[in-house]
file protein-v8.cif (mmCIF, C-alpha atoms)
data_target
loop_
_atom_site.label_atom_id
_atom_site.label_comp_id
_atom_site.auth_asym_id
_atom_site.auth_seq_id
_atom_site.Cartn_x
_atom_site.Cartn_y
_atom_site.Cartn_z
CA MET A 1 97.81 88.45 113.52
CA VAL A 2 100.55 90.81 112.35
CA LYS A 3 100.98 91.04 108.57
CA ARG A 4 104.07 92.23 106.76
CA LEU A 5 103.44 95.30 104.60
CA LEU A 6 105.94 96.64 102.08
CA VAL A 7 105.44 100.23 100.93
CA THR A 8 107.28 101.71 97.93
CA GLY A 9 107.86 105.41 97.36
CA PHE A 10 108.37 106.08 101.06
CA GLY A 11 109.93 109.47 100.37
CA GLY A 12 106.68 110.55 98.72
CA PHE A 13 103.53 112.20 99.96
CA VAL A 14 101.14 109.23 99.80
CA ALA A 15 103.48 106.56 101.18
CA GLY A 16 104.40 108.84 104.07
CA SER A 17 100.76 108.92 105.15
CA VAL A 18 100.47 105.13 104.88
CA VAL A 19 103.59 104.47 106.94
CA LYS A 20 102.75 107.13 109.54
CA GLN A 21 99.28 105.70 110.14
CA ALA A 22 100.03 101.96 109.93
CA GLY A 23 98.95 100.35 113.20
CA VAL A 24 100.30 97.46 115.25
CA GLU A 25 98.62 94.97 112.94
CA TRP A 26 101.28 95.77 110.34
CA ASP A 27 104.99 95.00 110.27
CA VAL A 28 106.06 97.80 107.92
CA ILE A 29 108.94 97.66 105.46
CA ALA A 30 109.42 100.94 103.60
CA LEU A 31 111.45 101.45 100.43
CA SER A 32 112.75 104.85 99.37
CA ARG A 33 115.32 106.21 96.96
CA LYS A 34 116.31 109.05 99.28
CA ARG A 35 117.17 109.20 102.96
CA ILE A 36 114.17 109.93 105.20
CA ILE A 37 115.00 112.18 108.13
CA ASN A 38 111.82 111.77 110.22
CA CYS A 39 111.29 108.06 109.76
CA ARG A 40 109.47 105.95 112.36
CA ASP A 41 111.86 104.02 114.59
CA ASP A 42 109.74 100.87 114.57
CA ILE A 43 109.81 100.18 110.82
CA THR A 44 112.36 98.57 108.55
CA HIS A 45 113.66 100.96 105.91
CA PHE A 46 115.64 100.11 102.78
CA GLN A 47 117.15 102.91 100.69
CA PHE A 48 117.82 102.15 97.01
CA ASP A 49 116.52 102.86 93.51
CA LEU A 50 113.73 100.47 92.50
CA ARG A 51 115.30 100.25 89.05
CA GLU A 52 118.02 98.16 90.71
CA TYR A 53 116.03 95.01 89.97
CA ASP A 54 118.45 92.57 91.56
CA ARG A 55 118.34 94.56 94.79
CA LEU A 56 114.54 94.76 94.65
CA ARG A 57 114.27 91.01 94.15
CA GLN A 58 116.67 90.41 97.03
CA VAL A 59 114.64 92.59 99.39
CA ILE A 60 111.29 91.06 98.39
CA GLU A 61 112.64 87.54 98.81
CA GLU A 62 114.20 88.46 102.15
CA VAL A 63 111.20 90.17 103.78
CA GLN A 64 108.44 88.12 102.07
CA PRO A 65 105.65 90.71 102.38
CA ALA A 66 102.02 89.67 102.55
CA VAL A 67 100.97 92.94 100.90
CA VAL A 68 102.71 95.56 98.78
CA ILE A 69 101.38 99.12 98.46
CA HIS A 70 103.09 100.42 95.35
CA SER A 71 103.02 104.22 95.28
CA ALA A 72 106.47 104.93 93.84
CA ALA A 73 106.37 106.78 90.51
CA ILE A 74 107.55 109.82 88.63
CA ALA A 75 104.34 111.76 89.13
CA ASN A 76 105.33 115.15 87.69
CA ILE A 77 103.34 115.33 84.45
CA ASP A 78 105.74 117.68 82.65
CA VAL A 79 108.84 115.74 83.72
CA CYS A 80 107.27 112.58 82.32
CA GLN A 81 106.39 114.34 79.08
CA HIS A 82 109.95 115.58 78.54
CA HIS A 83 111.75 112.49 79.89
CA GLN A 84 109.68 109.68 78.49
CA GLU A 85 112.29 106.93 78.61
CA GLU A 86 112.89 107.48 82.32
CA ALA A 87 109.16 107.73 83.02
CA GLU A 88 108.58 104.49 81.13
CA THR A 89 111.27 102.69 83.11
CA VAL A 90 110.08 103.88 86.53
CA ASN A 91 106.31 103.96 86.11
CA VAL A 92 105.87 100.91 83.88
CA GLY A 93 109.05 98.84 84.13
CA VAL A 94 109.29 98.89 87.92
CA THR A 95 105.59 98.06 88.23
CA ARG A 96 106.00 95.10 85.87
CA HIS A 97 108.94 93.75 87.80
CA LEU A 98 107.29 94.28 91.19
CA ALA A 99 104.08 92.57 90.04
CA GLU A 100 106.12 89.56 88.92
CA LEU A 101 107.80 89.40 92.33
CA CYS A 102 104.43 89.70 94.09
CA ARG A 103 103.11 86.79 92.06
CA GLN A 104 106.15 84.68 92.89
CA GLN A 105 105.83 85.47 96.60
CA GLY A 106 102.04 85.18 96.69
CA ALA A 107 101.76 88.79 97.85
CA ARG A 108 98.76 91.05 97.42
CA MET A 109 99.32 94.40 95.64
CA VAL A 110 97.60 97.74 96.04
CA PHE A 111 98.72 99.80 93.05
CA CYS A 112 98.34 103.58 93.20
CA SER A 113 97.13 105.00 89.90
CA THR A 114 95.62 108.39 89.04
CA ASP A 115 92.44 110.18 88.04
CA THR A 116 94.27 111.55 85.00
CA VAL A 117 93.98 108.23 83.16
CA PHE A 118 90.78 109.83 81.81
CA ASP A 119 90.54 112.50 79.12
CA GLY A 120 88.39 114.91 81.15
CA MET A 121 85.58 115.13 78.62
CA GLN A 122 82.98 113.59 80.92
CA GLY A 123 83.67 113.97 84.63
CA MET A 124 82.44 111.91 87.59
CA TYR A 125 84.06 108.83 86.13
CA ILE A 126 83.19 105.40 87.47
CA GLU A 127 85.57 102.47 87.63
CA ALA A 128 84.13 100.86 84.49
CA ASP A 129 84.72 103.91 82.29
CA VAL A 130 87.38 103.47 79.62
CA ALA A 131 90.70 105.20 80.25
CA HIS A 132 91.86 107.66 77.61
CA PRO A 133 95.09 109.41 78.68
CA LEU A 134 96.06 112.82 77.29
CA ASN A 135 99.71 112.95 78.42
CA PHE A 136 102.61 110.55 78.76
CA TYR A 137 102.40 110.32 82.56
CA ALA A 138 98.82 109.09 82.29
CA GLU A 139 99.82 106.70 79.50
CA THR A 140 102.40 105.09 81.79
CA LYS A 141 99.80 104.70 84.52
CA VAL A 142 97.31 103.06 82.17
CA ARG A 143 99.94 100.59 81.00
CA ALA A 144 101.05 99.90 84.55
CA GLU A 145 97.44 99.23 85.59
CA GLN A 146 97.04 96.74 82.74
CA ILE A 147 100.34 94.98 83.42
CA ALA A 148 99.70 94.60 87.15
CA GLN A 149 96.16 93.30 86.61
CA ALA A 150 97.33 90.83 83.98
CA GLU A 151 100.08 89.52 86.29
CA LEU A 152 98.10 89.31 89.54
CA ASP A 153 94.70 88.12 90.69
CA ASP A 154 95.01 89.54 94.20
CA ILE A 155 95.32 93.19 93.24
CA VAL A 156 93.63 96.52 93.79
CA VAL A 157 94.12 99.38 91.34
CA ALA A 158 93.42 102.46 93.44
CA ARG A 159 92.91 105.52 91.26
CA LEU A 160 93.69 108.56 93.38
CA SER A 161 92.09 111.91 92.87
CA LEU A 162 94.04 115.10 93.59
CA VAL A 163 95.65 114.56 97.00
CA MET A 164 95.77 117.50 99.39
CA GLY A 165 97.51 117.88 102.72
CA PHE A 166 100.87 118.25 104.41
CA PRO A 167 103.53 115.52 104.37
CA LEU A 168 103.25 113.30 107.46
CA ILE A 169 106.67 111.67 106.91
CA GLY A 170 109.29 112.79 104.43
CA ALA A 171 108.62 115.59 101.98
CA GLY A 172 106.80 114.54 98.84
CA ASN A 173 105.04 116.73 96.32
CA SER A 174 102.33 118.57 98.25
CA PHE A 175 100.62 121.38 96.36
CA LEU A 176 99.07 122.55 99.65
CA ALA A 177 102.45 122.88 101.38
CA SER A 178 103.86 124.78 98.39
CA MET A 179 100.78 127.02 98.24
CA VAL A 180 100.92 127.87 101.95
CA ALA A 181 104.65 128.62 101.73
CA SER A 182 103.98 131.08 98.89
CA PHE A 183 101.05 132.66 100.76
CA GLN A 184 103.23 133.14 103.86
CA GLN A 185 105.75 135.04 101.76
CA GLY A 186 102.99 137.19 100.29
CA ASN A 187 103.43 135.67 96.85
CA SER A 188 100.52 134.94 94.55
CA VAL A 189 99.85 131.42 93.30
CA PRO A 190 98.48 130.67 89.81
CA VAL A 191 95.76 128.01 90.01
CA PRO A 192 93.93 126.51 87.00
CA GLU A 193 90.21 127.14 86.78
CA ASN A 194 89.80 124.61 83.95
CA GLU A 195 90.82 121.57 86.05
CA ILE A 196 87.86 120.04 87.90
CA ARG A 197 88.67 117.46 90.57
CA THR A 198 87.31 115.61 93.59
CA PRO A 199 90.20 116.16 96.04
CA ILE A 200 90.95 113.67 98.80
CA ASP A 201 92.93 114.54 101.90
CA VAL A 202 96.15 112.62 102.46
CA VAL A 203 95.11 111.38 105.91
CA THR A 204 91.94 109.73 104.62
CA LEU A 205 93.84 108.36 101.64
CA GLY A 206 96.44 106.70 103.86
CA ARG A 207 93.70 105.09 105.93
CA ALA A 208 91.86 103.88 102.84
CA LEU A 209 95.00 102.31 101.35
CA LEU A 210 95.75 100.53 104.62
CA GLU A 211 92.19 99.24 104.75
CA LEU A 212 92.51 97.96 101.18
CA ALA A 213 95.80 96.29 102.06
CA GLY A 214 94.04 94.31 104.77
CA SER A 215 90.88 93.51 102.83
CA ASP A 216 90.03 90.89 100.23
CA PHE A 217 88.64 93.37 97.69
CA THR A 218 90.11 93.08 94.20
CA GLY A 219 89.66 95.25 91.12
CA VAL A 220 89.62 98.99 90.46
CA LEU A 221 88.53 101.52 93.08
CA HIS A 222 88.28 105.30 92.88
CA LEU A 223 89.55 107.07 96.02
CA ALA A 224 88.20 110.60 95.96
CA GLY A 225 86.53 113.15 98.16
CA ASN A 226 82.87 114.10 98.09
CA THR A 227 83.33 117.64 96.75
CA ARG A 228 83.56 118.30 93.02
CA LEU A 229 85.02 121.69 92.16
CA ASN A 230 87.70 123.34 90.05
CA ARG A 231 91.16 123.91 91.43
CA TYR A 232 90.74 127.70 91.56
CA GLU A 233 87.62 127.33 93.70
CA MET A 234 89.47 124.86 95.90
CA ALA A 235 92.39 127.26 96.39
CA ILE A 236 89.99 130.07 97.34
CA GLN A 237 88.41 127.84 99.99
CA ILE A 238 91.85 126.88 101.31
CA ALA A 239 92.94 130.53 101.49
CA ASP A 240 89.74 131.40 103.36
CA ARG A 241 90.15 128.49 105.79
CA LEU A 242 93.78 129.37 106.56
CA GLY A 243 93.22 133.12 106.77
CA PHE A 244 95.11 134.25 103.68
CA PRO A 245 93.84 136.95 101.28
CA ARG A 246 91.91 135.63 98.30
CA GLU A 247 93.85 138.03 96.10
CA LEU A 248 96.88 135.75 96.39
CA VAL A 249 95.03 133.12 94.33
CA LYS A 250 95.42 133.91 90.63
CA CYS A 251 93.09 132.24 88.16
CA THR A 252 94.75 130.59 85.17
CA ASN A 253 94.23 127.91 82.53
CA SER A 254 96.72 125.04 82.70
CA ASN A 255 96.35 124.24 79.00
CA ALA A 256 97.16 127.82 77.99
CA MET A 257 100.53 127.77 79.72
CA PRO A 258 103.57 127.23 77.43
CA ASP A 259 105.78 124.14 77.40
CA ARG A 260 103.40 122.03 79.43
CA ALA A 261 101.92 118.61 78.75
CA PRO A 262 98.17 118.65 78.10
CA ARG A 263 95.94 118.32 81.16
CA PRO A 264 92.43 116.84 81.17
CA ASP A 265 89.79 119.33 82.27
CA ASP A 266 87.29 117.33 84.32
CA VAL A 267 88.63 114.15 85.89
CA SER A 268 86.33 114.19 88.89
CA LEU A 269 85.79 110.67 90.20
CA ASP A 270 82.62 109.00 91.42
CA ASN A 271 83.46 107.51 94.83
CA SER A 272 80.21 105.56 95.31
CA LYS A 273 81.98 102.22 95.07
CA ALA A 274 84.60 103.25 97.64
CA LYS A 275 81.85 104.25 100.05
CA HIS A 276 80.30 100.81 99.62
CA VAL A 277 83.56 98.83 99.88
CA LEU A 278 85.36 100.74 102.64
CA THR A 279 84.57 101.62 106.24
CA THR A 280 87.00 104.57 105.94
CA PRO A 281 84.69 107.55 105.28
CA MET A 282 85.24 109.70 102.22
CA LEU A 283 85.07 113.38 103.22
CA ASP A 284 83.99 116.63 101.64
CA LEU A 285 86.55 119.40 101.14
CA SER A 286 85.82 121.22 104.40
CA GLU A 287 86.00 118.02 106.45
CA GLY A 288 89.21 117.00 104.70
CA LEU A 289 90.84 120.34 105.42
CA GLY A 290 89.79 120.04 109.05
CA LEU A 291 91.35 116.60 109.34
CA ILE A 292 94.57 117.82 107.69
CA LEU A 293 94.89 120.74 110.11
CA GLU A 294 94.02 118.59 113.13
CA THR A 295 96.66 116.03 112.16
CA ALA A 296 99.28 118.72 111.52
CA GLU A 297 98.82 120.06 115.06
CA LYS A 298 99.59 116.70 116.70
#
call {"tool": "encode", "arguments": {"input": "protein-v8.cif", "output": "structure tokens"}}
result
Amino acid sequence: MVKRLLVTGFGGFVAGSVVKQAGVEWDVIALSRKRIINCRDDITHFQFDLREYDRLRQVIEEVQPAVVIHSAAIANIDVCQHHQEEAETVNVGVTRHLAELCRQQGARMVFCSTDTVFDGMQGMYIEADVAHPLNFYAETKVRAEQIAQAELDDIVVARLSLVMGFPLIGAGNSFLASMVASFQQGNSVPVPENEIRTPIDVVTLGRALLELAGSDFTGVLHLAGNTRLNRYEMAIQIADRLGFPRELVKCTNSNAMPDRAPRPDDVSLDNSKAKHVLTTPMLDLSEGLGLILETAEK
């Protein structure tokens, strides 16, 4: 039976992977603020700003989705810190309104949150650990999690670890694509040694979100890879794998850089629950890089 899936944030990195990989079991409706130049021909695409609440309501009532994957957000930490009113409206206000519409339509929601809801003092966080955000972006995500869970019973809060890969549709904010572009020009890339993560590749993430959309699991789930390492170590491994000189990776400390919002140091996520709930395998860094490169060649 074909189910109708609505995906927000289609112009972004995560939603592009979801839409690209959605199979015939899904009738996909994608929402984006910007025009998408390499969109699939077999999906329905609406282009508007989600803050246009009347338009959002009209679309939801028209298409009547069974499931909504909500990935749209202002995800740039420093932009959120310096433009808090806008971040509040997009990250919290839109989520509140969308959750209300999901409840009215009886739709399931998969809400994309972040590993940075934690303060980084512990590492290998499990789903039951208490969120303690250090910057305004993370604050908006914590509030959005709480609002969506209070509004809906049929909901998954998927906390995403650092997502690596190349955009499958659209552009999005891919640190790997930016890093490779700099390497190709012979430019060095500053990478923070203080930030410890459990990176997940964008292909696996898209598959996991689609599996969650079609499942009956509810609650919080950490989507993360199997490898825990700092971002400098990760960049070195990426440079090695792609054949770029290690010297192009410059070690830095993200919290010593001026005019930046504070970053948590260790927000590595424990993915044990995801491994139990999902059939989609969580991969280690090397496997994830292999899958990214294999997908990029197709």
call {"tool": "atom_distance", "arguments": {"input": "protein-v8.cif", "atom1": "atom CA of Val202 of chain A", "atom2": "atom CA of Glu151 of chain A"}}
result
28.5 Å
call {"tool": "resolve_selection", "arguments": {"input": "protein-v8.cif", "expression": "the PyMOL selection byres ((chain A and resi 48) around 8)", "output": "short mmCIF file (atom, residue, chain, number, x, y, z; two decimals) with C-alpha atoms, in the frame of the given file"}}
result
data_model
loop_
_atom_site.label_atom_id
_atom_site.label_comp_id
_atom_site.auth_asym_id
_atom_site.auth_seq_id
_atom_site.Cartn_x
_atom_site.Cartn_y
_atom_site.Cartn_z
CA LEU A 31 111.45 101.45 100.43
CA SER A 32 112.75 104.85 99.37
CA ARG A 33 115.32 106.21 96.96
CA LYS A 34 116.31 109.05 99.28
CA PHE A 46 115.64 100.11 102.78
CA GLN A 47 117.15 102.91 100.69
CA ASP A 49 116.52 102.86 93.51
CA LEU A 50 113.73 100.47 92.50
CA GLU A 52 118.02 98.16 90.71
CA ARG A 55 118.34 94.56 94.79
#
call {"tool": "resolve_selection", "arguments": {"input": "protein-v8.cif", "expression": "the PyMOL selection byres ((chain A and resi 7) around 9)", "output": "compact mmCIF listing (two decimals) with C-alpha atoms, in the coordinates of the input"}}
result
# COMPACT_ATOMS: atom_id res chain seq x y z
CA LEU A 5 103.44 95.30 104.60
CA LEU A 6 105.94 96.64 102.08
CA THR A 8 107.28 101.71 97.93
CA GLY A 9 107.86 105.41 97.36
CA PHE A 10 108.37 106.08 101.06
CA ALA A 15 103.48 106.56 101.18
CA VAL A 18 100.47 105.13 104.88
CA VAL A 19 103.59 104.47 106.94
CA VAL A 28 106.06 97.80 107.92
CA ILE A 29 108.94 97.66 105.46
CA ALA A 30 109.42 100.94 103.60
CA LEU A 31 111.45 101.45 100.43
CA SER A 32 112.75 104.85 99.37
CA VAL A 67 100.97 92.94 100.90
CA VAL A 68 102.71 95.56 98.78
CA ILE A 69 101.38 99.12 98.46
CA HIS A 70 103.09 100.42 95.35
CA SER A 71 103.02 104.22 95.28
CA ALA A 72 106.47 104.93 93.84
call {"tool": "atom_distance", "arguments": {"input": "protein-v8.cif", "atom1": "atom CA of Val189 of chain A", "atom2": "atom CA of Ala177 of chain A"}}
result
12.0 Å
call {"tool": "closest_residue", "arguments": {"input": "protein-v8.cif", "among": "A:Ala144, A:Val203, A:Leu98, A:Ala235", "to": "Phe166 of chain A", "atoms": "only C-alpha atoms"}}
result
A:Val203
call {"tool": "resolve_selection", "arguments": {"input": "protein-v8.cif", "expression": "the PyMOL selection byres ((chain A and resi 188) around 12)", "output": "list in words"}}
result
Ser178, Met179, Val180, Ala181, Ser182, Phe183, Gln184, Gln185, Gly186, Asn187, Val189, Pro190, Val191, Ala235, Ile236, Ala239, Phe244, Pro245, Arg246, Glu247, Leu248, Val249, Lys250, Cys251 and Thr252 of chain A
call {"tool": "atom_distance", "arguments": {"input": "protein-v8.cif", "atom1": "atom CA of Ile155 of chain A", "atom2": "atom CA of Phe111 of chain A"}}
result
7.4 Å
call {"tool": "residues_near_point", "arguments": {"input": "protein-v8.cif", "point": "(110.6, 88.3, 99.1)", "cutoff": "9 Å", "atoms": "all atoms listed in the file", "output": "ChimeraX atom specification"}}
result
/A:56-65,101-102,104-105,107
call {"tool": "residues_around", "arguments": {"input": "protein-v8.cif", "residues": "Leu289 of chain A", "least_positions_apart": "4", "cutoff": "10 Å", "atoms": "all atoms listed in the file", "output": "list in words"}}
result
Met164, Gly165, Ile200, Asp201, Val202, Val203, Gln237, Ile238, Arg241, Leu242, Leu283, Asp284, Leu285, Leu293, Glu294 and Thr295 of chain A
call {"tool": "residues_around", "arguments": {"input": "protein-v8.cif", "residues": "Leu162 of chain A", "least_positions_apart": "2", "cutoff": "8 Å", "atoms": "all atoms listed in the file", "output": "list in words"}}
result
Asp115, Leu160, Met164, Arg197, Thr198, Pro199, Ile200 and Ala224 of chain A
call {"tool": "write_last_selection", "arguments": {"input": "protein-v8.cif", "atoms": "C-alpha atoms", "output": "PDB file, keeping the file's coordinate frame"}}
result
ATOM      1  CA  ASP A 115      92.440 110.180  88.040  1.00  0.00           C
ATOM      2  CA  LEU A 160      93.690 108.560  93.380  1.00  0.00           C
ATOM      3  CA  MET A 164      95.770 117.500  99.390  1.00  0.00           C
ATOM      4  CA  ARG A 197      88.670 117.460  90.570  1.00  0.00           C
ATOM      5  CA  THR A 198      87.310 115.610  93.590  1.00  0.00           C
ATOM      6  CA  PRO A 199      90.200 116.160  96.040  1.00  0.00           C
ATOM      7  CA  ILE A 200      90.950 113.670  98.800  1.00  0.00           C
ATOM      8  CA  ALA A 224      88.200 110.600  95.960  1.00  0.00           C
TER       9      ALA A 224
END
call {"tool": "closest_residue", "arguments": {"input": "protein-v8.cif", "among": "A:Asp119, A:Glu193, A:Glu287, A:Glu145", "to": "Pro264 of chain A", "atoms": "all atoms listed in the file"}}
result
A:Asp119
call {"tool": "residues_around", "arguments": {"input": "protein-v8.cif", "residues": "Lys3 of chain A", "least_positions_apart": "6", "cutoff": "10 Å", "atoms": "only C-alpha atoms", "output": "NGL selection string"}}
result
:A and (24-28 or 65-67 or 213-214)
call {"tool": "closest_residue", "arguments": {"input": "protein-v8.cif", "among": "A:His97, A:Arg4, A:His83, A:Lys273", "to": "Asp54 of chain A", "atoms": "only C-alpha atoms"}}
result
A:His97
call {"tool": "residues_around", "arguments": {"input": "protein-v8.cif", "residues": "segment 135-137 of chain A", "least_positions_apart": "3", "cutoff": "9 Å", "atoms": "all atoms listed in the file", "output": "VMD selection string"}}
result
chain A and resid 74 to 82 84 87 to 88 91 116 to 117 140 to 142 261 to 264
call {"tool": "residues_near_point", "arguments": {"input": "protein-v8.cif", "point": "(83.3, 110.2, 84.9)", "cutoff": "7 Å", "atoms": "all atoms listed in the file", "output": "number ranges by chain"}}
result
A: 122-126, 129, 267-270
call {"tool": "write_last_selection", "arguments": {"input": "protein-v8.cif", "atoms": "C-alpha atoms", "output": "JSON list (two decimals), in the coordinates of the input"}}
result
[["chain", "number", "residue", "atom", "x", "y", "z"],
["A", 122, "GLN", "CA", 82.98, 113.59, 80.92],
["A", 123, "GLY", "CA", 83.67, 113.97, 84.63],
["A", 124, "MET", "CA", 82.44, 111.91, 87.59],
["A", 125, "TYR", "CA", 84.06, 108.83, 86.13],
["A", 126, "ILE", "CA", 83.19, 105.40, 87.47],
["A", 129, "ASP", "CA", 84.72, 103.91, 82.29],
["A", 267, "VAL", "CA", 88.63, 114.15, 85.89],
["A", 268, "SER", "CA", 86.33, 114.19, 88.89],
["A", 269, "LEU", "CA", 85.79, 110.67, 90.20],
["A", 270, "ASP", "CA", 82.62, 109.00, 91.42]]
call {"tool": "residues_around", "arguments": {"input": "protein-v8.cif", "residues": "Phe217 of chain A", "least_positions_apart": "6", "cutoff": "10 Å", "atoms": "all atoms listed in the file", "output": "MDAnalysis selection string"}}
result
chainID A and resid 154:156 211 277:278
call {"tool": "closest_residue", "arguments": {"input": "protein-v8.cif", "among": "A:Glu127, A:Glu100, A:Asp266, A:Asp153", "to": "Leu223 of chain A", "atoms": "only C-alpha atoms"}}
result
A:Glu127
call {"tool": "decode", "arguments": {"input": "protein-v8.cif", "residues": "segment 173-244 of chain A", "atoms": "C-alpha atoms", "output": "tab-separated table (two decimals), in the first residue's frame"}}
result
chain	number	residue	atom	x	y	z
A	173	ASN	CA	24.98	22.53	4.00
A	174	SER	CA	27.53	19.76	3.49
A	175	PHE	CA	30.80	20.21	5.35
A	176	LEU	CA	32.30	17.39	3.26
A	177	ALA	CA	31.46	19.09	-0.04
A	178	SER	CA	32.90	22.39	1.22
A	179	MET	CA	36.02	20.63	2.52
A	180	VAL	CA	36.65	18.79	-0.75
A	181	ALA	CA	36.16	22.00	-2.75
A	182	SER	CA	38.80	23.73	-0.61
A	183	PHE	CA	41.18	20.76	-0.89
A	184	GLN	CA	40.82	20.76	-4.68
A	185	GLN	CA	41.87	24.41	-4.75
A	186	GLY	CA	44.85	23.65	-2.52
A	187	ASN	CA	43.39	25.62	0.37
A	188	SER	CA	43.72	24.51	3.97
A	189	VAL	CA	40.65	23.85	6.10
A	190	PRO	CA	40.51	24.64	9.84
A	191	VAL	CA	38.87	21.76	11.72
A	192	PRO	CA	38.15	21.72	15.48
A	193	GLU	CA	39.96	19.11	17.54
A	194	ASN	CA	37.79	19.82	20.60
A	195	GLU	CA	34.52	18.65	19.00
A	196	ILE	CA	33.97	14.90	19.42
A	197	ARG	CA	31.17	13.35	17.37
A	198	THR	CA	29.76	10.08	16.05
A	199	PRO	CA	29.26	11.04	12.37
A	200	ILE	CA	26.57	9.40	10.26
A	201	ASP	CA	26.64	9.36	6.48
A	202	VAL	CA	23.77	11.06	4.69
A	203	VAL	CA	22.81	7.94	2.72
A	204	THR	CA	22.32	5.83	5.83
A	205	LEU	CA	20.52	8.70	7.52
A	206	GLY	CA	18.02	9.03	4.67
A	207	ARG	CA	17.32	5.30	4.81
A	208	ALA	CA	16.88	5.37	8.59
A	209	LEU	CA	14.42	8.29	8.43
A	210	LEU	CA	12.39	6.53	5.76
A	211	GLU	CA	12.32	3.37	7.85
A	212	LEU	CA	11.13	5.38	10.86
A	213	ALA	CA	8.46	7.01	8.72
A	214	GLY	CA	7.06	3.59	7.89
A	215	SER	CA	7.39	2.07	11.35
A	216	ASP	CA	5.28	2.28	14.49
A	217	PHE	CA	8.16	3.29	16.78
A	218	THR	CA	7.54	6.38	18.88
A	219	GLY	CA	9.84	8.35	21.16
A	220	VAL	CA	13.41	9.62	20.92
A	221	LEU	CA	16.06	7.87	18.83
A	222	HIS	CA	19.73	8.72	18.31
A	223	LEU	CA	20.87	8.31	14.69
A	224	ALA	CA	24.65	8.17	14.71
A	225	GLY	CA	27.54	6.22	13.28
A	226	ASN	CA	29.62	3.65	15.11
A	227	THR	CA	32.86	5.65	15.19
A	228	ARG	CA	33.54	8.16	17.96
A	229	LEU	CA	36.30	10.63	17.14
A	230	ASN	CA	37.07	14.33	17.05
A	231	ARG	CA	36.43	16.36	13.93
A	232	TYR	CA	40.14	16.89	13.24
A	233	GLU	CA	40.74	13.12	13.27
A	234	MET	CA	37.73	12.68	11.01
A	235	ALA	CA	39.04	15.25	8.52
A	236	ILE	CA	42.43	13.53	8.43
A	237	GLN	CA	40.75	10.21	7.61
A	238	ILE	CA	38.68	11.89	4.89
A	239	ALA	CA	41.77	13.52	3.36
A	240	ASP	CA	43.56	10.16	3.39
A	241	ARG	CA	40.60	8.35	1.81
A	242	LEU	CA	40.22	10.94	-0.96
A	243	GLY	CA	43.95	11.30	-1.63
A	244	PHE	CA	44.50	14.84	-0.38
